[in-house]
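> Below you'll find the structure I mean.
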Amino acid sequence: MADAIVAKGLIKTYGTVKAVDGLDLNVPEGTVLGLLGPNGAGKTTTVRMLTTLVTPTAGEISVRGIDVLADPTSVRRVIGVSGQYAAVDEHLTGFENLEMVGRLYHLGKKRARARARELLERFDLTEAADRPSKTYSGGMRRRLDLAGALVAAPPILFLDEPTTGLDPRSRIGMWDVLGQLVREGTTLLLTTQYLEEADELAEDIIVIDHGRAIARGTPDRLKRQVGGERLEITLHSADDASAVVAAVATLGMGGHTVDEVSHKVVVPVAEGTDALFEAVRRLDAAGIRPADLGVHRPTLDDVFLQLTGHAAEDADEEVKR
Ligand SMILES: Nc1ncnc2c1ncn2[C@@H]1O[C@H](COP(=O)(O)OP(=O)(O)OP(=O)(O)O)[C@@H](O)[C@H]1O
Ligand SMILES: [Mg+2]
């Protein structure tokens with residue numbers, strides 16, 4: 001499969017800050033790459049370089065075989081970009097925003113209007129189409145902004161934190177829309193701070209910290225690296241610990257820990273939901289009612305802790321210190 005996006009040795013420095021510090025990446029046509037990293041990791045800077053908005057200090061980028069530095073205009077014809085902060089004109093309605101984008105792409109008035117209506121429908125904004133977008137909620141703005149990036153039906157899409165700030169329901173709605181686009185053949189590069197989101201959408205993930213890749217692989221590989229899912233059972237009293245371990249240890253993949261202080265039994269499991277369901281049955285049968293019971297799924301913090309030995313920190317805070 002040909003690569004839709006290739007970047008080699010990407011560097012961007014701002015004064016003494018190395019926002020991006022030697023990043024290599026490639027995204028095969030029709031696939032999804034997730035750039036996962038905490039605040040200040042260099043995600044936005046990377047996206048801006050890949051999308052012709054910022055000139056790299058060093059490095060090479062090609063999109064569909066076109067050199068981004070030599071021919072940014074041709075690259076802009078095949079990409080769509082939705083930035084970290086929704087770029088909608090507050091005073092225009094949703095419909096007018098999309099129509100305007102269509103006109104900028106020289107779609108012609110009729111086509112631009114038809115495309116605007118089609119996208120509003122697709123993003124569930126038809127009812128709000130004629131309201132000024134300043135009356136939209138955060139999730140609606142995000143959807144409108146994404147719709148804007150799709151007006152010209154670009155085969156390659158860059159999304160910078162598409163779901164940050166959305167409530168859980170809107171996030172799942174956004175995942176559905178993005179999944180659909182990918183099934184239709186769109187190549188997608190997205191940034192996120194959520195391992196869960198990269199897991200849901202991407203087949204390949206690069207974890208970045210301080211502008212450098214610190215890990216790369218499939219979501220499964222990363223999750224295995226950080227220990228995967230685990231069942232956590234908090235007890236009212238340490239007295240129950242051995243009975244709990246006897247009941248649930250075999251649900252795991254071998255190995256469990258008992259925290260004497262918090263009265264917490266932790267069992268690494270292959271599939272959290274199944275294990276949780278079975279654990280409830282077994283604990284109930286054993287007459288044990290825990291104080292708390294749940295599945296812990298690895299987060300970006302777990303990844304960082306495992307890979308770097310420290311929690312994900314805000315690079316901007318560090319600079320200020
Ligand atoms: N125009 C700029 N001038 C100076 N420093 C910048 C500029 N843009 C980014 N930086 C710095 O580069 C680093 C990476 O920033 P970037 O915005 O790429 O991070 P990010 O991963 O997108 O973070 P966030 O999750 O907060 O959006 C930060 O330390 C930031 O302060
Ligand atoms: Mg950013």
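Labels for the structure tokens follow display order: chains A, B, ..., residues from 1 in each chain, ligands from 1.
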Using only C-alpha atoms and all ligand atoms, I'd like a table of the residues in chain A that come within 7 Å of ligand 2; for each, show the closest atom pair and its distance in Å rounded to one decimal, ordered by chain and ascending number, as a Markdown table.

| residue | atom | partner | partner_atom_place_in_ligand_line | distance |
| --- | --- | --- | --- | --- |
| A:Asn39 | CA | ligand 2 | 1 (Mg) | 6.8 |
| A:Gly40 | CA | ligand 2 | 1 (Mg) | 6.8 |
| A:Gly42 | CA | ligand 2 | 1 (Mg) | 6.9 |
| A:Lys43 | CA | ligand 2 | 1 (Mg) | 5.3 |
| A:Thr44 | CA | ligand 2 | 1 (Mg) | 4.0 |
| A:Gln84 | CA | ligand 2 | 1 (Mg) | 6.1 |
| A:Asp160 | CA | ligand 2 | 1 (Mg) | 6.7 |
> Based on the backbone DSSP call, show me all residues of segment 44-108 of chain A assigned strand (DSSP E or B), as a VMD selection string.
chain A and resid 58 to 63 66 to 67 79 to 82 93
> Next, write the just-selected residues to a file, as a compact mmCIF listing (two decimals), in the first residue's frame, keeping N, CA and C atoms as the atom set.

# COMPACT_ATOMS: atom_id res chain seq x y z
N ALA A 58 13.56 21.84 9.91
CA ALA A 58 14.27 20.85 9.10
C ALA A 58 13.35 19.67 8.86
N GLY A 59 13.67 18.88 7.84
CA GLY A 59 12.90 17.67 7.56
C GLY A 59 12.21 17.70 6.22
N GLU A 60 11.68 16.55 5.86
CA GLU A 60 10.99 16.40 4.57
C GLU A 60 9.57 15.89 4.81
N ILE A 61 8.64 16.38 3.99
CA ILE A 61 7.26 15.89 4.08
C ILE A 61 6.73 15.69 2.67
N SER A 62 6.10 14.54 2.45
CA SER A 62 5.37 14.42 1.20
C SER A 62 3.97 13.88 1.47
N VAL A 63 3.01 14.42 0.73
CA VAL A 63 1.62 14.00 0.85
C VAL A 63 1.19 13.56 -0.54
N ILE A 66 3.55 14.32 -3.17
CA ILE A 66 3.85 15.72 -3.48
C ILE A 66 4.69 16.30 -2.34
N ASP A 67 5.76 16.98 -2.70
CA ASP A 67 6.63 17.59 -1.70
C ASP A 67 5.92 18.82 -1.11
N ILE A 79 -6.00 17.74 0.77
CA ILE A 79 -6.15 17.55 2.22
C ILE A 79 -7.29 18.38 2.79
N GLY A 80 -7.79 17.90 3.92
CA GLY A 80 -8.72 18.67 4.72
C GLY A 80 -8.12 18.78 6.12
N VAL A 81 -8.33 19.91 6.78
CA VAL A 81 -7.75 20.11 8.11
C VAL A 81 -8.83 20.63 9.05
N SER A 82 -8.87 20.04 10.25
CA SER A 82 -9.72 20.63 11.28
C SER A 82 -8.82 20.84 12.49
N THR A 93 -24.39 31.65 9.97
CA THR A 93 -25.10 30.43 10.38
C THR A 93 -24.26 29.23 9.96
> Using only C-alpha atoms, which of A:Leu276, A:Gly217, A:Val27, A:Thr126 sits nearest Thr186 of chain A?
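Looking only at the distances to Thr186 of chain A, the closest residue turns out to be A:Val27.
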> Could you pull the residues within 9 Å of His210 of chain A, counting only C-alpha atoms, minus those fewer than 3 positions along the same chain, as an NGL selection string?
:A and (18-21 or 37 or 40-42 or 213 or 315)
> Taking C-alpha atoms for each residue, export the selection above as a compact mmCIF listing (two decimals), in the first residue's frame.

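Heads up, here's the output in out.txt:
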# COMPACT_ATOMS: atom_id res chain seq x y z
CA LYS A 18 12.09 22.31 20.38
CA ALA A 19 8.40 21.88 19.64
CA VAL A 20 9.12 18.93 17.32
CA ASP A 21 12.46 17.23 17.62
CA GLY A 37 0.65 12.89 23.55
CA GLY A 40 2.83 20.59 24.75
CA ALA A 41 4.08 17.32 23.21
CA GLY A 42 4.22 18.85 19.73
CA ALA A 213 8.37 9.58 19.32
CA ALA A 315 5.66 20.56 28.60
> Kindly work out which residues sit at most 12 Å from ligand 1, using only C-alpha atoms and all ligand atoms, and give the list as number ranges by chain.
A: 11-21, 35-49, 53-56, 83-85, 159-162, 164-165, 190-194, 207-213, 312-320
> Would you save the residues from that selection as a compact mmCIF listing (two decimals), in the first residue's frame, using C-alpha atoms?

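selection38.txt was written with the following content:
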# COMPACT_ATOMS: atom_id res chain seq x y z
CA ILE A 11 12.06 19.46 13.40
CA LYS A 12 10.50 22.73 14.49
CA THR A 13 12.18 25.03 16.95
CA TYR A 14 10.77 28.23 18.42
CA GLY A 15 13.69 30.10 19.98
CA THR A 16 15.03 27.63 22.50
CA VAL A 17 11.90 25.45 22.49
CA LYS A 18 12.09 22.31 20.38
CA ALA A 19 8.40 21.88 19.64
CA VAL A 20 9.12 18.93 17.32
CA ASP A 21 12.46 17.23 17.62
CA LEU A 35 -0.50 10.90 17.37
CA LEU A 36 -0.92 10.49 21.09
CA GLY A 37 0.65 12.89 23.55
CA PRO A 38 0.06 15.22 26.49
CA ASN A 39 -0.17 19.03 26.41
CA GLY A 40 2.83 20.59 24.75
CA ALA A 41 4.08 17.32 23.21
CA GLY A 42 4.22 18.85 19.73
CA LYS A 43 1.00 17.48 18.22
CA THR A 44 -0.39 20.73 16.84
CA THR A 45 2.99 21.83 15.54
CA THR A 46 3.35 18.52 13.69
CA VAL A 47 -0.11 18.81 12.15
CA ARG A 48 0.57 22.40 11.12
CA MET A 49 3.78 21.39 9.37
CA LEU A 53 0.58 25.96 7.70
CA VAL A 54 4.01 26.09 9.34
CA THR A 55 7.43 25.70 7.70
CA PRO A 56 9.62 23.08 9.37
CA GLY A 83 -7.70 22.47 13.90
CA GLN A 84 -7.67 22.10 17.66
CA TYR A 85 -9.98 25.08 18.09
CA LEU A 159 -7.74 16.35 12.73
CA ASP A 160 -6.16 17.97 15.76
CA GLU A 161 -7.84 16.68 18.92
CA PRO A 162 -11.24 16.16 17.28
CA THR A 164 -11.32 17.22 23.25
CA GLY A 165 -13.96 19.04 25.26
CA LEU A 190 -5.47 12.55 14.13
CA THR A 191 -3.99 13.77 17.37
CA THR A 192 -5.41 12.96 20.75
CA GLN A 193 -4.65 12.90 24.44
CA TYR A 194 -6.79 9.80 24.93
CA VAL A 207 3.26 8.29 21.31
CA ILE A 208 5.04 11.63 21.40
CA ASP A 209 6.67 13.44 24.28
CA HIS A 210 8.73 16.62 23.99
CA GLY A 211 8.51 16.47 20.20
CA ARG A 212 9.95 12.96 19.95
CA ALA A 213 8.37 9.58 19.32
CA ALA A 312 2.61 12.66 31.33
CA GLU A 313 3.52 16.21 32.16
CA ASP A 314 2.62 19.48 30.61
CA ALA A 315 5.66 20.56 28.60
CA ASP A 316 4.52 24.17 28.74
CA GLU A 317 4.50 24.08 32.52
CA GLU A 318 7.97 22.67 32.47
CA VAL A 319 9.25 25.47 30.29
CA LYS A 320 7.85 28.03 32.67
> Counting only C-alpha atoms, what is within 7 Å of Gly294 of chain A, bar same-chain residues fewer than 3 positions away, as a PyMOL selection string?
chain A and resi 231-233+276
> For the atom pair atom CA of His256 of chain A and atom CA of Thr273 of chain A, what is the interatomic distance in Å to one decimal place?
17.5 Å
> Considering only C-alpha atoms, state which residue in the set A:Asp292, A:Pro268, A:Thr52, A:Leu235 is at the smallest distance from Thr250 of chain A.
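Of A:Asp292, A:Pro268, A:Thr52, A:Leu235, the one nearest Thr250 of chain A is A:Pro268, counting only C-alpha atoms.
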> Produce a table with one row for each residue of segment 168-189 of chain A that has an atom at most 8 Å from any atom of segment 136-155 of chain A, each row naming the nearest atom pair and its distance in Å at one decimal; use only C-alpha atoms; arrange rows by chain and rising residue number; format as a tab-separated table.

residue	atom	partner	partner_atom	distance
A:Ser170	CA	A:Gly139	CA	6.4
A:Met174	CA	A:Arg143	CA	7.7
A:Gly185	CA	A:Pro155	CA	7.3
A:Thr186	CA	A:Pro155	CA	5.0
A:Thr187	CA	A:Pro155	CA	6.3
> Based on the selection just made, write C-alpha atoms of those residues as a PDB file, in the first residue's frame.

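Writing done, so here's result-v7.pdb:
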ATOM      1  CA  SER A 170     -20.816  13.604  21.422  1.00  0.00           C
ATOM      2  CA  MET A 174     -17.763  11.861  16.384  1.00  0.00           C
ATOM      3  CA  GLY A 185     -11.455   5.294   2.020  1.00  0.00           C
ATOM      4  CA  THR A 186     -10.280   8.497   3.703  1.00  0.00           C
ATOM      5  CA  THR A 187      -6.728   8.499   5.051  1.00  0.00           C
TER       6      THR A 187
END
> Would you list the contacts of Ala279 of chain A as a PyMOL selection string, taking every protein, DNA or RNA residue within 8 Å and counting only C-alpha atoms, but skipping same-chain residues closer than 2 positions in sequence?
chain A and resi 247-248+251+275-277+281-283
> Put those residues in a file: N, CA and C atoms, as a compact mmCIF listing (two decimals), in the first residue's frame.

# COMPACT_ATOMS: atom_id res chain seq x y z
N ALA A 247 -11.68 -16.37 44.84
CA ALA A 247 -12.83 -16.33 43.93
C ALA A 247 -12.47 -15.84 42.53
N VAL A 248 -11.60 -14.84 42.47
CA VAL A 248 -11.43 -14.19 41.16
C VAL A 248 -10.06 -14.35 40.48
N LEU A 251 -9.74 -15.65 37.00
CA LEU A 251 -10.29 -14.86 35.88
C LEU A 251 -9.18 -14.17 35.11
N ALA A 275 -14.65 -10.25 32.40
CA ALA A 275 -14.10 -10.57 33.70
C ALA A 275 -14.94 -9.93 34.80
N LEU A 276 -15.38 -8.71 34.56
CA LEU A 276 -16.18 -7.99 35.55
C LEU A 276 -17.49 -8.73 35.81
N PHE A 277 -18.11 -9.14 34.72
CA PHE A 277 -19.39 -9.83 34.81
C PHE A 277 -19.26 -11.12 35.63
N ARG A 281 -20.62 -12.39 39.61
CA ARG A 281 -21.28 -13.67 39.91
C ARG A 281 -20.54 -14.43 41.01
N ARG A 282 -19.21 -14.51 40.84
CA ARG A 282 -18.45 -15.31 41.81
C ARG A 282 -18.43 -14.69 43.20
N LEU A 283 -18.29 -13.35 43.25
CA LEU A 283 -18.27 -12.69 44.56
C LEU A 283 -19.63 -12.85 45.24
> Which polymer residues have any atom within 8 Å of an atom of Leu25 of chain A, counting only C-alpha atoms, with same-chain residues fewer than 5 positions away left out, as a list of chain:residue names?
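In the requested form, the answer reads A:Ile5, A:Val6, A:Ala7, A:Lys8.
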